[in-house]
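Asks: Please see the structure below; I have some questions.
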Amino acid sequence: MPHAIVRRTAGVLARSATRHASLAAAAPPRLVLAIETSCDDTAAAVVGSDGAVLSSVVRAQHSLHEGYGGIVPRIASRNHSAQLPGVIAEALSRAGVGVADVHAVAATRGPGLAGSLSVGLNAGKAIAAAAGKPFVGVHHMEAHLLTARLTEGAEAVRFPYLCLLVSGGHSMLVLARGLCDYCRLGETLDDSVGEAFDKVARDLGLGWSVDGRPAQPGAALEACARAGDAARFRLPLPLRRKDGLEGPSCNFSFSGLKTAVRNALLAELKGGAELGAVHAADAQLASDMAAAFQTAAIRHLEERTRRALQWCRDAQWGAAPSCLVVSGGVAGNSALRARLAALAAEDGLQLYAPPPSLCGDQAVMIAHAALERLEGGRLRDEQDSLELTIRPKWPLGVAVTH
Ligand code: KG4
Ligand code: ZN
């Protein structure tokens, strides 16, 4: 049995329940049981239509993948298969309900790892079929995009809003014009920002932990960067032309930055320590490089977000955004949150970000996305029937250019 980490979101339970109490109608709230298995975390949650999070269980698999330096798909799916029944049972029992008490069952349909998605989707469909409940197939990135409406309130995070979605699989700037109405203003041309954090963390030889507790590599890099001097290395900002001007898009690129880090490390090590063992050989070098990389990556995200806000102000696709939102695993990064809050303030906007525990993957966001569509009357046969299949590659909304 692998070491399993169970995270709970007790603070959010109380907060969101209070925030949404005024929305509760006389009728009892409708409950959704949700399942998330798109990557390496096995998660289930029960959430009510009044916004109350009755339970959230997440079993991470860090210890199984750390030795490989990245997520191994076949290990992830096999472990989901072993863990999911217990995770679902725990989510129901913590919520104090049975399957008969829930109004609908939801599961992540994509995008993500095919084997991992299949385990969760098939379990969700089977439970829904056996219990005679509606089934909702959820887009993982749409769920990240909508999470702040649960945690901060739908009145604060109202459509239209601009969302920077930053995870291990994606980096996107999306104008959310309404429920199910999303315009992608920019996306990554190569690696996602989370992938870049993960690869640099691996080159630096950082363990997947922070203060002795299991953590994702990006969080380990952020912790390492705290003791670093970013000015020690001048890393090139992505997608800059030689004359210093940026290219005319809201797209991202992170693979060149990752390579620049690797080259700078190799030059620094000069045949001494190996890549992958930098931290053990020279902790200060690892911290300085982590800080330099994080600063450049955040600067790039900031530049593109500033441009996207400008595009939105031009109002080609509807009204100017009501606020800026950041979500996805990398949104747990406090340096990024601080820079984006300042950027939003320049435009007189508020930055909203879910609490770090709801930035990474969990099933609360899957339940919430399902509830938004259920309550908004937006279920669709092709996405929400028991015949649906996984979509490992599934674009969110439509791409637009300026
Ligand atoms: O959304 P998420 O949990 O899973 C995907 O949908 O991909 O995002 C995971 C990504 C990983 O690359 C992880 O290293 C990164 O988010 N991450 C962070 C931080 N916490 C997690 N990156 C930078 N700083 C953090 N504090
Ligand atoms: Zn995610």
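Following the order of the structure tokens, first chain is A, next is B, and so on, with residues numbered from 1 inside each chain and ligands from 1 in the order they appear.
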Identify all residues of range 196-321 of chain A in alpha helix (DSSP H) (DSSP on the backbone) and supply them as number ranges by chain.

Replies: A: 196-204, 217-225, 255-269, 278-281, 283-313

Asks: Write out as a list in words which residues come within 7 Å of Ile390 in chain A when counting only C-alpha atoms, dropping same-chain ones fewer than 2 positions away.

Replies: Arg109, Gly110, Leu117, Ser118, Leu388 and Pro392 of chain A

Asks: Would you write out those residues with C-alpha atoms, as a PDB file, in the first residue's frame?

Replies:
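After the write, out.pdb holds the following:
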ATOM      1  CA  ARG A 109     -14.039  13.602 -18.708  1.00  0.00           C
ATOM      2  CA  GLY A 110     -10.859  15.348 -19.914  1.00  0.00           C
ATOM      3  CA  LEU A 117      -9.485   9.578 -16.812  1.00  0.00           C
ATOM      4  CA  SER A 118     -11.020   6.185 -17.662  1.00  0.00           C
ATOM      5  CA  LEU A 388     -19.880   9.439 -23.242  1.00  0.00           C
ATOM      6  CA  PRO A 392      -7.778  13.256 -23.150  1.00  0.00           C
TER       7      PRO A 392
END

Asks: Suppose you want the space between CA of Ala130 in chain A and CA of Ala100 in chain A; what is it in Å?

Replies: 10.2 Å

Asks: May I ask you to write as a PyMOL selection string all residues lying at most 7 Å from ligand 2, with only C-alpha atoms and all ligand atoms counted?

Replies: chain A and resi 140-141+144+167-168+328-329+360-361

Asks: Considering only C-alpha atoms, return as a ChimeraX atom specification whatever protein or nucleic-acid residues lie within 8 Å of Gln350 in chain A, sequence-local ones (same chain, fewer than 4 positions apart) excluded.

Replies: /A:323-324,341,344-345

Asks: Export all heavy atoms of the chosen residues as a compact mmCIF listing (two decimals), in the first residue's frame?

Replies:
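Saved as out20.txt:
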# COMPACT_ATOMS: atom_id res chain seq x y z
N CYS A 323 -13.21 41.31 -13.38
CA CYS A 323 -12.11 41.02 -12.45
C CYS A 323 -11.11 40.10 -13.13
O CYS A 323 -11.35 39.63 -14.25
CB CYS A 323 -12.64 40.35 -11.18
SG CYS A 323 -13.43 38.78 -11.49
N LEU A 324 -9.99 39.89 -12.45
CA LEU A 324 -8.97 38.95 -12.92
C LEU A 324 -8.99 37.74 -11.98
O LEU A 324 -9.06 37.92 -10.76
CB LEU A 324 -7.60 39.63 -12.91
CG LEU A 324 -6.39 38.77 -13.32
CD1 LEU A 324 -6.50 38.32 -14.78
CD2 LEU A 324 -5.08 39.56 -13.12
N ALA A 341 -1.97 40.41 -8.37
CA ALA A 341 -2.83 41.34 -7.62
C ALA A 341 -2.44 42.77 -7.95
O ALA A 341 -3.30 43.64 -8.16
CB ALA A 341 -2.71 41.08 -6.12
N ALA A 344 -3.60 43.57 -11.56
CA ALA A 344 -5.04 43.82 -11.62
C ALA A 344 -5.35 45.21 -11.08
O ALA A 344 -6.16 45.95 -11.65
CB ALA A 344 -5.80 42.76 -10.82
N ALA A 345 -4.67 45.57 -9.98
CA ALA A 345 -4.93 46.88 -9.36
C ALA A 345 -4.60 48.02 -10.31
O ALA A 345 -5.27 49.06 -10.29
CB ALA A 345 -4.13 46.99 -8.07

Asks: Would you give me, as a PyMOL selection string, the residues in range 54-192 of chain A that DSSP reads as strand (DSSP E or B)?

Replies: chain A and resi 54-60+104-110+135-139+161-166+171-178+181-188

Asks: List all protein, DNA and RNA residues that have any atom at most 10 Å from ligand 1, counting only C-alpha atoms and all ligand atoms, and write the list as a PyMOL selection string.

Replies: chain A and resi 38-41+70+111-112+140-141+144+165-171+192-199+201+208+215-223+294+297-298+327-337+356-362

Asks: Leaving out Leu185 in chain A and any residue of its chain fewer than 3 positions from it, which residues lie within 10 Å of it when counting only C-alpha atoms, given as a compact mmCIF listing (two decimals) with N, CA and C atoms, in the first residue's frame?

Replies:
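Result file is result26.txt:
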# COMPACT_ATOMS: atom_id res chain seq x y z
N LEU A 162 -11.55 37.72 -16.82
CA LEU A 162 -10.35 37.16 -17.45
C LEU A 162 -9.72 36.18 -16.48
N MET A 172 -3.03 29.06 -20.03
CA MET A 172 -4.01 29.70 -20.91
C MET A 172 -4.50 31.01 -20.32
N LEU A 173 -4.85 31.92 -21.21
CA LEU A 173 -5.58 33.12 -20.81
C LEU A 173 -6.96 33.01 -21.44
N VAL A 174 -7.99 32.98 -20.61
CA VAL A 174 -9.34 32.74 -21.11
C VAL A 174 -10.26 33.87 -20.67
N LEU A 175 -10.99 34.42 -21.63
CA LEU A 175 -12.05 35.36 -21.27
C LEU A 175 -13.32 34.54 -21.10
N TYR A 182 -16.47 30.51 -23.56
CA TYR A 182 -15.08 30.83 -23.22
C TYR A 182 -14.26 31.13 -24.47
N SER A 249 1.22 38.74 -29.34
CA SER A 249 0.21 37.72 -29.01
C SER A 249 0.10 37.59 -27.50
N CYS A 250 -0.87 36.80 -27.09
CA CYS A 250 -1.02 36.49 -25.66
C CYS A 250 -0.55 35.06 -25.40
N ASN A 251 0.20 34.48 -26.35
CA ASN A 251 0.68 33.11 -26.16
C ASN A 251 1.89 33.06 -25.23
N ARG A 304 1.92 38.70 -20.48
CA ARG A 304 0.84 38.21 -21.34
C ARG A 304 -0.52 38.55 -20.74
N THR A 305 -0.62 38.50 -19.41
CA THR A 305 -1.90 38.84 -18.77
C THR A 305 -2.21 40.33 -18.96
N ARG A 307 -1.30 42.14 -21.46
CA ARG A 307 -1.76 42.32 -22.85
C ARG A 307 -3.19 41.81 -23.02
N ALA A 308 -3.52 40.69 -22.38
CA ALA A 308 -4.88 40.15 -22.50
C ALA A 308 -5.89 41.14 -21.92
N LEU A 309 -5.53 41.78 -20.81
CA LEU A 309 -6.43 42.79 -20.23
C LEU A 309 -6.64 43.92 -21.23
N TRP A 311 -6.40 43.69 -24.52
CA TRP A 311 -7.28 43.17 -25.58
C TRP A 311 -8.74 43.21 -25.13
N CYS A 312 -8.97 42.80 -23.88
CA CYS A 312 -10.35 42.78 -23.37
C CYS A 312 -10.93 44.19 -23.31
N VAL A 398 -13.30 28.51 -27.51
CA VAL A 398 -12.78 28.77 -28.86
C VAL A 398 -11.55 29.68 -28.77
N ALA A 399 -10.62 29.47 -29.71
CA ALA A 399 -9.43 30.34 -29.75
C ALA A 399 -9.79 31.60 -30.53
N VAL A 400 -9.35 32.74 -30.02
CA VAL A 400 -9.57 33.99 -30.76
C VAL A 400 -8.23 34.71 -30.88
N THR A 401 -8.08 35.50 -31.91
CA THR A 401 -6.89 36.34 -32.00
C THR A 401 -7.36 37.77 -32.10
N HIS A 402 -6.44 38.67 -31.86
CA HIS A 402 -6.82 40.08 -31.79
C HIS A 402 -6.97 40.65 -33.19

Asks: Tell me, in Å to one decimal, how far CA of Val47 in chain A is from CA of Arg30 in chain A.

Replies: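 For CA of Val47 in chain A relative to CA of Arg30 in chain A, the distance reads 8.4 Å.
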
Asks: Record the distance separating CA of Trp394 in chain A and CA of Leu239 in chain A, expressed in Å with one decimal.

Replies: 25.5 Å

Asks: Show which residues sit within 7 Å of Gln83 in chain A, as a list in words. Count only C-alpha atoms, and ignore same-chain residues fewer than 4 positions away.

Replies: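 Here the answer would be Thr42, Asn79 and Val87 of chain A.
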
Asks: From the options A:Tyr161, A:Ala283, A:Ala260, A:Gly271, which residue's atoms come nearest to Leu349 in chain A, counting only C-alpha atoms?

Replies: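 Going through A:Tyr161, A:Ala283, A:Ala260, A:Gly271 one by one, the smallest distance to Leu349 in chain A is for A:Tyr161.
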